[in-house]
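In what follows, a structure is listed as structure tokens, so that the remarks can point back to it.
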Amino acid sequence: MSEAPRVALFVTCLVDLFRPSVGFAAVKLMQDAGCTVEVPEAQTCCGQPAYNSGDRKDTIAIAKQVIAAFEGYDHVVAPSGSCAGMIMKHYPELLADDPDWASRATDLAGRTHELVSFLTDVLKVENVAAAFEGTVTYHDSCSGLRELGIHGQPRQLLDGVEGLHLRELEDANVCCGFGGTFCVKYPDISNRMVSNKTEQIVATGAETLLAGDMGCLMNMAGKLQREGANVRVRHVAEVLAGMTDTPAIGEPSDGSASS
Amino acid sequence: MSDSNREAVLGSLRRALGRDAPVDEDTAAKLRARMTGHARNIVPARTALDDAGLVELFETMAQKVHATVAHVASMDDVPGAVGEYLRGENLPSEIVMAPDATLDAAPWSDNSLLEIRRGAPVESDQVSVTSAPAAVAETGTLAMYSGPDHPATLNFIPETHVVVLPAGRVVKSYEDVWDSIRAQASDPESGRGGQLPRTVNFVTGPSRSGDIEQTLLLGAHGPRRLHIVIVDGE
Amino acid sequence: MSGSTTRNFKSNAARELANDTLRAALTKSKGHFTEGRSTAAENLPEFEALRDQSRDIKNHTIEHLDFYLEAYEEKVRESGGHVHWARTAEDARQIVLEICRSVDAKAVNKGKSMISEECEINEMLEANGIRAVETDLGEYIIQLRGEKPSHIIAPAVHLTKGQVEESFRANHTHLDPDRVLEEPPTLLDEARTILRKKYFEAEVGMTGANLLIAETGSSVIVTNEGNGDLSQLIPKVHIVLASVEKIVPTLEDAATILRVLARSATGQEFSSYTTLSTGPKREGDTDGPEQYHVILLDNGRTDMIGTEFQEMLRCIRCGACMNHCPVYQSVGGHAYGWVYPGPMGSVLSPGLLGVDEAGHLPNASTFCGRCEEVCPVRIPLPKMMRNWREQEFEKHLSPGAARAGLGLWAFMAKRPKLYQLATGVQMRLLARLGRAQGRVSSLPLARGWTKYRELPAPEGRTFQSRWKSGERPL
């Protein structure tokens, strides 16, 4: 199409509530790549908490709400592998037996993308015009990696960021222990998993940790800070959009390092 | 008790599958045909080699799993090679040997140092010698069939197992072994009486265990040593 | 089932997490299995296609399982063997006892069999004055310690060599107490010598079966030690204890599955000993069992067919899922409280024990998906764990507080305007609370989180409210 792609941003509840700057970074990235971006008002959550708790009925109600709110856009983009995965992989299955909604769900699924892979795979962005001085390490969030196959794309874009040096994280593809309600239902096990993760993060010597999902990021940031580690945590979109003036996740607004 | 259990299990199964009765005759015929047709599924391409290539592959794979391999030119050289191996490993020269026709063809009496008993092993036997009817190049695996001429315990009881393998018996894959045992079963000359051997052993290297801290240890219960003598001429 | 502590998963897990020896043991074993599998997969270009074929073979068989079971039974009888059917674990125990009594057995030599754990065979034998002798090295070690297996392939993976030494010294009291026994080779030699005698002392040998082959009436065991073979060849009677879904149609189907089994389990291309057993010894054979009995066990499996859990019956018991599961690798197998740990146990146990009993297991997962990624027969394990959660939700089995919290979240999420109003206020409050430090260290309603982590403070206003008021990126 010759017109600018019309994108609707699926904010995700964690970005909306905890870290709006990720949402603004996502918008900037897509606008810079030539899209017009709108934010449908009637959005709250993708329904994963209900879905993974076995509450199919509420999940379906939320899914229908999302489908209706996001109809008509060329693309729907979420700065989260798990939320995008929910819409792309699970909405069609949830509504497969509903004659009024099945095709609408499949249609939405076909137009929905995770942010970074949207930039590289759909918009064919090869490089972003960002600079970020320092070493970073990258955690592959499970849904993005295994449901959506996101692995090379963030690395490709980070590779083009001026001044940025990426050190691979050992066991980058092993779960950080967030798992939605898992981390509060089974806190002891989650703690072991995130402790293993932070040990490996610190071992890279990187100053900054990046990933594509807020749940993982808050989990890892919270643990790094409890341990007193000197690692800043951001969503990968912030670095790619060159919007790293804001405090890192869990950092106070005066920019002082955690103590 | 077992009969009522049988009906209960099959009944539960059929109901779960949405049927009150066994499969209909058409389906049964198709399923029987699938079994008797026993079509091959994927056979890995690594076995697409000529005879010499297969022997080489077999040897490489067997050595990877800590079997040792030696070559001799003909059956005449076998007793000498066996004796040499046992001496080299400082092993006893008392052997229990499978009473099979392949081994009959070797001149064992030429080597008077070897004390040979033919038959099944007892607890105190340290070394066994058998032949193998087939060897699978794909994974360096020997295939051995139990029978009056090959008590299966020869493959397990003694600490050292020596296998005489005519090179022509190296086949590509397990599927080739299946074809051979089926052929044997249906061959009236084979003495198998239409049946499979009681035991078909696929042996890939010596016995091992990783049960103690994942440390690879050979000789857990079966043989500690597996030595394969490939007879190139045969 | 008397042996299950799955209800106590949380306290089991807490106990196991505090066990430093377990942690050391699991850390050592993890890389071995995961690297082994990935190397084996890399070295076989056809691996992915073989996984697909294995899945298809299992699906086809399950869909016609009654046909194949009857075909199998006929072939076993033709070869001179006996087939017994067991609807429940109790049936299996009775049949085993009857067979043992018929030959006045004093001891049963056992190859490793998870079905025998499921049916509590050893306990039954001991209660009836018959010695159950575990011959697999790992099973032997845990039998000495009075423990259960913690992994379906590597039963003693939770132990360090120090613990093995300690058990040998405590139990092999006829040996010189001053002997050197620290390193694995000496431990192995000692076990080998002791078990070697026992191989010749039992009237009955019992194995499981990785596969049963309908075409030929054969049972297949896949081992590395040779103990399963010694256990079935020397005694007078060979009992095979196998669940009904172990059937495959042909020898060729068996070969396909065998190609993915060892590679997925340990990274080996083929196990040291893969053995087909068909009936008792033949006329003229000078070794082998005189009697061959196969016990086909249902114990809840047929009830899983025709449900959303049918695909679980494809499982070939390789253990890859638990080798790759971060939850299993944190808590070990004993935390799961029953025979089958890890992801496969989390799906199978509620099916066999009931979701009331084993409900914790499918909940203790982040759905990271690594299990499904490595399952050789492509079982959608996370999906089925979610299906169990759905059943629990329907039955109101989840704890009240969690249910209420999630109910509130769903209520709000379905009402965008209300959601935005309420969350706007909450986030500003939380932001204010955490402003100085940028995070919150202790929050009464979020105790599960703040016990171990800081909670990053929200930035303040929500994205939606900022966007609505016209804020845009520069």
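We name chains A, B, ... following the order of the structure tokens; residues begin at 1 in each chain, and ligands are numbered from 1 as shown.
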(request) Please provide the set of residues having any atom within 6 Å of Val440 of chain C, restricted to only C-alpha atoms, with same-chain residues fewer than 5 positions apart removed, written as JSON, numbers by chain. (result) {"C": [434, 454, 455]}
Near chain C, which residues of chain A fall within 7 Å when you count only C-alpha atoms, and what do they look like as a short mmCIF file (atom, residue, chain, number, x, y, z; two decimals) with N, CA and C atoms, in the first residue's frame?
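Okay, out.cif is ready:
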```cif
data_model
loop_
_atom_site.label_atom_id
_atom_site.label_comp_id
_atom_site.auth_asym_id
_atom_site.auth_seq_id
_atom_site.Cartn_x
_atom_site.Cartn_y
_atom_site.Cartn_z
N ASP A 16 0.85 0.51 30.37
CA ASP A 16 -0.12 1.56 30.68
C ASP A 16 0.00 2.00 32.14
N LEU A 17 0.08 1.02 33.03
CA LEU A 17 0.03 1.35 34.45
C LEU A 17 1.39 1.69 35.03
N PHE A 18 2.42 1.01 34.61
CA PHE A 18 3.71 1.16 35.28
C PHE A 18 4.75 1.95 34.50
N ARG A 19 4.73 1.85 33.17
CA ARG A 19 5.82 2.48 32.44
C ARG A 19 5.35 3.01 31.08
N PRO A 20 4.58 4.06 31.11
CA PRO A 20 4.10 4.67 29.86
C PRO A 20 5.21 5.04 28.89
N GLY A 23 5.40 2.91 26.03
CA GLY A 23 4.36 3.16 25.02
C GLY A 23 4.77 4.29 24.09
N PHE A 24 5.32 5.38 24.68
CA PHE A 24 5.75 6.50 23.84
C PHE A 24 6.92 6.11 22.96
N LYS A 28 6.94 6.28 18.89
CA LYS A 28 8.01 6.99 18.17
C LYS A 28 8.65 6.08 17.13
N ALA A 42 -10.81 1.96 24.21
CA ALA A 42 -11.49 0.89 24.94
C ALA A 42 -10.61 -0.34 25.13
N GLN A 43 -9.37 -0.12 25.55
CA GLN A 43 -8.49 -1.27 25.78
C GLN A 43 -8.02 -1.28 27.23
N THR A 44 -7.89 -2.47 27.75
CA THR A 44 -7.43 -2.61 29.12
C THR A 44 -6.33 -3.67 29.20
N CYS A 45 -6.71 -4.88 28.89
CA CYS A 45 -5.83 -6.02 29.11
C CYS A 45 -6.10 -7.03 28.00
N ALA A 50 -6.69 -13.87 33.26
CA ALA A 50 -7.88 -14.73 33.36
C ALA A 50 -7.64 -16.06 32.66
N ASN A 52 -4.86 -17.74 31.93
CA ASN A 52 -3.94 -18.66 32.58
C ASN A 52 -4.42 -19.10 33.95
N SER A 53 -5.47 -18.48 34.44
CA SER A 53 -6.07 -18.94 35.70
C SER A 53 -7.22 -19.90 35.44
N GLY A 54 -7.49 -20.18 34.18
CA GLY A 54 -8.54 -21.14 33.87
C GLY A 54 -9.92 -20.52 33.72
N ASP A 55 -9.99 -19.17 33.72
CA ASP A 55 -11.28 -18.48 33.62
C ASP A 55 -11.55 -18.16 32.14
N ASP A 58 -14.36 -15.23 31.24
CA ASP A 58 -13.92 -13.83 31.28
C ASP A 58 -12.91 -13.55 30.18
N ILE A 62 -13.18 -10.54 27.41
CA ILE A 62 -12.13 -9.55 27.19
C ILE A 62 -11.64 -9.62 25.74
N CYS A 142 9.89 -15.62 27.22
CA CYS A 142 9.45 -16.93 26.73
C CYS A 142 8.40 -16.89 25.63
N SER A 143 7.35 -16.12 25.83
CA SER A 143 6.28 -16.09 24.81
C SER A 143 6.80 -15.58 23.49
N ARG A 146 9.21 -18.39 22.06
CA ARG A 146 8.69 -19.69 21.66
C ARG A 146 7.37 -19.63 20.91
N CYS A 175 13.49 -19.20 31.37
CA CYS A 175 12.47 -18.36 32.00
C CYS A 175 13.02 -17.61 33.21
N GLY A 177 11.16 -16.53 35.66
CA GLY A 177 10.38 -16.83 36.85
C GLY A 177 9.17 -15.94 37.08
N PHE A 178 8.87 -15.04 36.12
CA PHE A 178 7.71 -14.16 36.31
C PHE A 178 6.43 -14.98 36.13
N GLY A 179 6.11 -15.38 34.91
CA GLY A 179 4.96 -16.25 34.66
C GLY A 179 3.64 -15.71 35.13
N PHE A 182 2.15 -16.75 38.59
CA PHE A 182 3.09 -17.74 39.14
C PHE A 182 3.99 -17.12 40.18
N CYS A 183 4.51 -15.91 39.90
CA CYS A 183 5.52 -15.33 40.79
C CYS A 183 4.95 -14.98 42.16
N VAL A 184 3.64 -14.79 42.25
CA VAL A 184 3.07 -14.54 43.58
C VAL A 184 2.40 -15.78 44.15
N TYR A 186 3.68 -18.94 43.65
CA TYR A 186 4.79 -19.82 44.03
C TYR A 186 6.05 -18.97 44.20
N PRO A 187 6.02 -18.04 45.15
CA PRO A 187 7.11 -17.06 45.26
C PRO A 187 8.47 -17.70 45.51
N ASP A 188 8.50 -18.79 46.27
CA ASP A 188 9.80 -19.39 46.58
C ASP A 188 10.46 -19.94 45.32
N ILE A 189 9.66 -20.60 44.48
CA ILE A 189 10.22 -21.17 43.25
C ILE A 189 10.60 -20.03 42.29
N ASN A 191 11.45 -17.11 43.06
CA ASN A 191 12.65 -16.46 43.57
C ASN A 191 13.90 -17.22 43.15
N ARG A 192 13.85 -18.54 43.21
CA ARG A 192 15.02 -19.32 42.79
C ARG A 192 15.32 -19.06 41.32
N MET A 193 14.26 -19.03 40.51
CA MET A 193 14.46 -18.83 39.08
C MET A 193 15.02 -17.44 38.78
N MET A 218 10.12 -6.17 35.09
CA MET A 218 9.86 -5.75 36.47
C MET A 218 10.34 -6.80 37.46
N GLY A 222 13.30 -5.85 39.90
CA GLY A 222 13.01 -5.92 41.32
C GLY A 222 14.01 -6.77 42.07
N LYS A 223 14.42 -7.87 41.44
CA LYS A 223 15.39 -8.75 42.11
C LYS A 223 16.78 -8.15 42.11
N GLN A 225 17.56 -5.11 42.14
CA GLN A 225 17.60 -4.03 43.11
C GLN A 225 17.61 -4.55 44.54
N ARG A 226 16.83 -5.59 44.82
CA ARG A 226 16.85 -6.17 46.16
C ARG A 226 18.24 -6.70 46.48
N ILE A 249 13.92 1.27 35.04
CA ILE A 249 12.83 0.63 35.79
C ILE A 249 13.22 0.50 37.25
N GLY A 250 12.38 1.04 38.13
CA GLY A 250 12.65 0.95 39.56
C GLY A 250 13.65 1.98 40.06
N GLU A 251 14.11 2.87 39.17
CA GLU A 251 15.04 3.91 39.62
C GLU A 251 14.23 5.13 40.04
N PRO A 252 14.71 5.88 41.05
CA PRO A 252 13.99 7.09 41.44
C PRO A 252 14.10 8.15 40.33
N SER A 253 13.18 9.10 40.34
CA SER A 253 13.10 10.05 39.23
C SER A 253 14.24 11.05 39.22
#
```
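For the atom pair formed by atom CA of Ile116 of chain B and atom CA of Ile95 of chain B, the distance is 4.9 Å, given to one decimal.
The coordinates place atom CA of Ala52 of chain B at 24.0 Å from atom CA of Arg40 of chain B.
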(request) Tell me which of C:Asn299, C:Asn171, C:Ser277, C:Thr6 sits closest to chain B, counting only C-alpha atoms. (result) C:Ser277
(request) Please return as an NGL selection string: the residues of segment 38-213 of chain B that backbone DSSP assigns to strand (DSSP E or B). (result) :B and (68-72 or 94-97 or 115-118 or 127-131 or 134-136 or 141-145 or 147 or 150 or 160-166 or 170-171 or 199-203 or 208-209)
Selection to disk with N, CA and C atoms, as a compact mmCIF listing (two decimals), in the first residue's frame:
```
# COMPACT_ATOMS: atom_id res chain seq x y z
N THR B 68 35.64 -51.27 21.19
CA THR B 68 36.91 -51.28 20.45
C THR B 68 36.72 -52.15 19.21
N VAL B 69 37.44 -51.80 18.15
CA VAL B 69 37.24 -52.47 16.87
C VAL B 69 38.58 -52.90 16.29
N ALA B 70 38.63 -54.13 15.77
CA ALA B 70 39.84 -54.60 15.07
C ALA B 70 39.39 -55.22 13.75
N HIS B 71 40.30 -55.24 12.77
CA HIS B 71 39.97 -55.86 11.48
C HIS B 71 40.87 -57.07 11.25
N VAL B 72 40.28 -58.14 10.68
CA VAL B 72 41.10 -59.24 10.20
C VAL B 72 40.68 -59.54 8.76
N GLU B 94 40.24 -68.11 29.26
CA GLU B 94 39.09 -69.03 29.30
C GLU B 94 37.90 -68.32 28.72
N ILE B 95 37.34 -68.92 27.67
CA ILE B 95 36.26 -68.27 26.93
C ILE B 95 35.02 -69.15 26.93
N VAL B 96 33.84 -68.51 27.04
CA VAL B 96 32.60 -69.23 26.74
C VAL B 96 32.12 -68.70 25.39
N MET B 97 31.82 -69.60 24.49
CA MET B 97 31.59 -69.21 23.10
C MET B 97 30.24 -69.71 22.59
N GLU B 115 41.17 -71.49 26.01
CA GLU B 115 40.36 -72.59 26.51
C GLU B 115 38.91 -72.26 26.26
N ILE B 116 38.26 -73.04 25.42
CA ILE B 116 36.94 -72.69 24.94
C ILE B 116 35.87 -73.67 25.39
N ARG B 117 34.78 -73.11 25.88
CA ARG B 117 33.61 -73.93 26.19
C ARG B 117 32.47 -73.38 25.34
N ARG B 118 31.71 -74.21 24.66
CA ARG B 118 30.59 -73.73 23.83
C ARG B 118 29.31 -73.83 24.63
N VAL B 127 34.88 -64.01 29.99
CA VAL B 127 34.97 -63.58 28.59
C VAL B 127 34.01 -64.40 27.75
N SER B 128 33.22 -63.74 26.91
CA SER B 128 32.38 -64.46 25.95
C SER B 128 32.77 -64.07 24.54
N VAL B 129 32.60 -65.01 23.63
CA VAL B 129 32.78 -64.71 22.20
C VAL B 129 31.52 -65.14 21.47
N THR B 130 30.96 -64.22 20.71
CA THR B 130 29.80 -64.55 19.88
C THR B 130 30.03 -63.97 18.50
N SER B 131 29.17 -64.31 17.56
CA SER B 131 29.18 -63.57 16.30
C SER B 131 27.93 -62.68 16.34
N ALA B 134 23.92 -59.32 12.31
CA ALA B 134 23.81 -58.04 11.62
C ALA B 134 24.42 -56.95 12.48
N ALA B 135 24.80 -55.86 11.82
CA ALA B 135 25.29 -54.70 12.55
C ALA B 135 24.75 -53.47 11.85
N VAL B 136 24.22 -52.54 12.62
CA VAL B 136 23.56 -51.37 12.05
C VAL B 136 24.55 -50.21 11.99
N THR B 141 25.60 -50.17 16.00
CA THR B 141 24.84 -51.09 16.84
C THR B 141 24.91 -52.52 16.31
N LEU B 142 25.21 -53.47 17.20
CA LEU B 142 25.18 -54.88 16.84
C LEU B 142 23.78 -55.43 17.07
N ALA B 143 23.32 -56.29 16.18
CA ALA B 143 22.04 -56.95 16.39
C ALA B 143 22.30 -58.44 16.59
N MET B 144 21.80 -58.98 17.69
CA MET B 144 22.01 -60.41 17.98
C MET B 144 20.70 -61.06 18.36
N TYR B 145 20.51 -62.28 17.87
CA TYR B 145 19.23 -62.97 18.07
C TYR B 145 19.46 -64.19 18.94
N GLY B 147 18.92 -67.93 20.43
CA GLY B 147 18.59 -69.21 19.80
C GLY B 147 19.48 -70.28 20.39
N HIS B 150 22.91 -69.24 20.05
CA HIS B 150 23.33 -67.98 20.65
C HIS B 150 22.51 -67.68 21.91
N THR B 160 33.67 -59.21 29.67
CA THR B 160 34.20 -58.87 28.35
C THR B 160 33.45 -59.65 27.29
N HIS B 161 32.97 -58.94 26.27
CA HIS B 161 32.22 -59.56 25.20
C HIS B 161 32.94 -59.27 23.89
N VAL B 162 33.37 -60.34 23.21
CA VAL B 162 34.02 -60.19 21.91
C VAL B 162 33.05 -60.65 20.83
N VAL B 163 32.87 -59.81 19.83
CA VAL B 163 31.90 -60.14 18.77
C VAL B 163 32.62 -60.25 17.43
N VAL B 164 32.46 -61.38 16.78
CA VAL B 164 33.04 -61.58 15.45
C VAL B 164 32.00 -61.17 14.41
N LEU B 165 32.39 -60.21 13.57
CA LEU B 165 31.40 -59.63 12.64
C LEU B 165 31.91 -59.68 11.21
N PRO B 166 31.40 -60.61 10.41
CA PRO B 166 31.73 -60.58 8.98
C PRO B 166 31.26 -59.25 8.39
N VAL B 170 27.18 -55.85 7.79
CA VAL B 170 26.86 -54.49 8.22
C VAL B 170 25.75 -53.97 7.30
N VAL B 171 24.65 -53.59 7.92
CA VAL B 171 23.51 -53.06 7.15
C VAL B 171 23.32 -51.59 7.52
N THR B 199 14.66 -63.31 22.05
CA THR B 199 15.30 -62.04 22.41
C THR B 199 16.06 -61.49 21.21
N VAL B 200 15.80 -60.24 20.86
CA VAL B 200 16.63 -59.54 19.88
C VAL B 200 17.35 -58.45 20.66
N ASN B 201 18.67 -58.55 20.74
CA ASN B 201 19.44 -57.55 21.45
C ASN B 201 20.12 -56.61 20.48
N PHE B 202 19.84 -55.31 20.62
CA PHE B 202 20.62 -54.29 19.93
C PHE B 202 21.64 -53.79 20.96
N VAL B 203 22.90 -53.98 20.64
CA VAL B 203 23.96 -53.61 21.59
C VAL B 203 24.81 -52.50 20.98
N ARG B 208 26.79 -49.20 30.54
CA ARG B 208 27.21 -47.95 31.16
C ARG B 208 26.13 -47.43 32.09
N SER B 209 26.52 -46.49 32.96
CA SER B 209 25.55 -45.79 33.80
C SER B 209 26.01 -44.38 34.04
```
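Minimum atom-to-atom distance to chain B, evaluated using only C-alpha atoms, belongs to C:Asp66 out of C:Asp66, C:Asp178, C:Glu311, C:Glu117.
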Each segment 108-161 of chain A residue no farther than 6 Å from segment 169-173 of chain A, nearest pair in Å, only C-alpha atoms, as a Markdown table:
```
| residue | atom | partner | partner_atom | distance |
| --- | --- | --- | --- | --- |
| A:Thr137 | CA | A:Leu169 | CA | 5.9 |
| A:His139 | CA | A:Ala172 | CA | 5.0 |
| A:Asp140 | CA | A:Asn173 | CA | 5.3 |
```
(request) Might you pull out every residue within 6 Å of segment 115-127 of chain A, with only C-alpha atoms counted and same-chain residues fewer than 6 positions away left off, and present them as an MDAnalysis selection string? (result) chainID A and resid 77:79 153 157 160
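Between atom CA of Ala33 of chain A and atom CA of Val128 of chain A there is a distance of 9.0 Å.
When only C-alpha atoms are used to compute distances to chain B, the closest of the residues C:Asp303, C:Glu35, C:Asp356, C:Glu245 turns out to be C:Asp303.
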(message) Neighbouring residues of Val164 of chain C were defined as those with any atom within 8 Å, considering only C-alpha atoms; residues of the same chain fewer than 6 positions away were excluded. Please report them as a PyMOL selection string.
(response) (chain B and resi 212) or (chain C and resi 141+187)
(message) Please return, as a VMD selection string, all residues of segment 97-192 of chain B that DSSP assigns to alpha helix (DSSP H) on the basis of the backbone.
(response) chain B and resid 101 to 104 174 to 186
Quick one: write out the picked residues with C-alpha atoms as a CSV table (one decimal), in the first residue's frame?
```csv
chain,number,residue,atom,x,y,z
B,101,ALA,CA,28.0,-71.9,12.5
B,102,THR,CA,29.9,-68.7,11.9
B,103,LEU,CA,32.3,-69.3,14.7
B,104,ASP,CA,32.5,-73.0,13.8
B,174,TYR,CA,17.3,-51.0,12.1
B,175,GLU,CA,14.7,-51.5,9.3
B,176,ASP,CA,17.1,-53.8,7.5
B,177,VAL,CA,17.3,-55.9,10.7
B,178,TRP,CA,13.6,-56.1,10.8
B,179,ASP,CA,13.5,-57.4,7.2
B,180,SER,CA,16.1,-60.0,8.1
B,181,ILE,CA,14.3,-61.3,11.1
B,182,ARG,CA,11.1,-61.5,9.3
B,183,ALA,CA,12.7,-63.4,6.5
B,184,GLN,CA,14.3,-65.7,9.0
B,185,ALA,CA,11.0,-66.3,10.7
B,186,SER,CA,9.3,-67.3,7.5
```
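Shortest atom-to-atom contact with Leu148 of chain A among A:Lys185, A:Arg167, A:His90, A:Lys197: A:His90, counting only C-alpha atoms.
Proximity to Ala68 of chain A was assessed for A:His165, A:His113, A:Arg56, A:Arg104 counting only C-alpha atoms; the smallest distance is recorded for A:Arg104.
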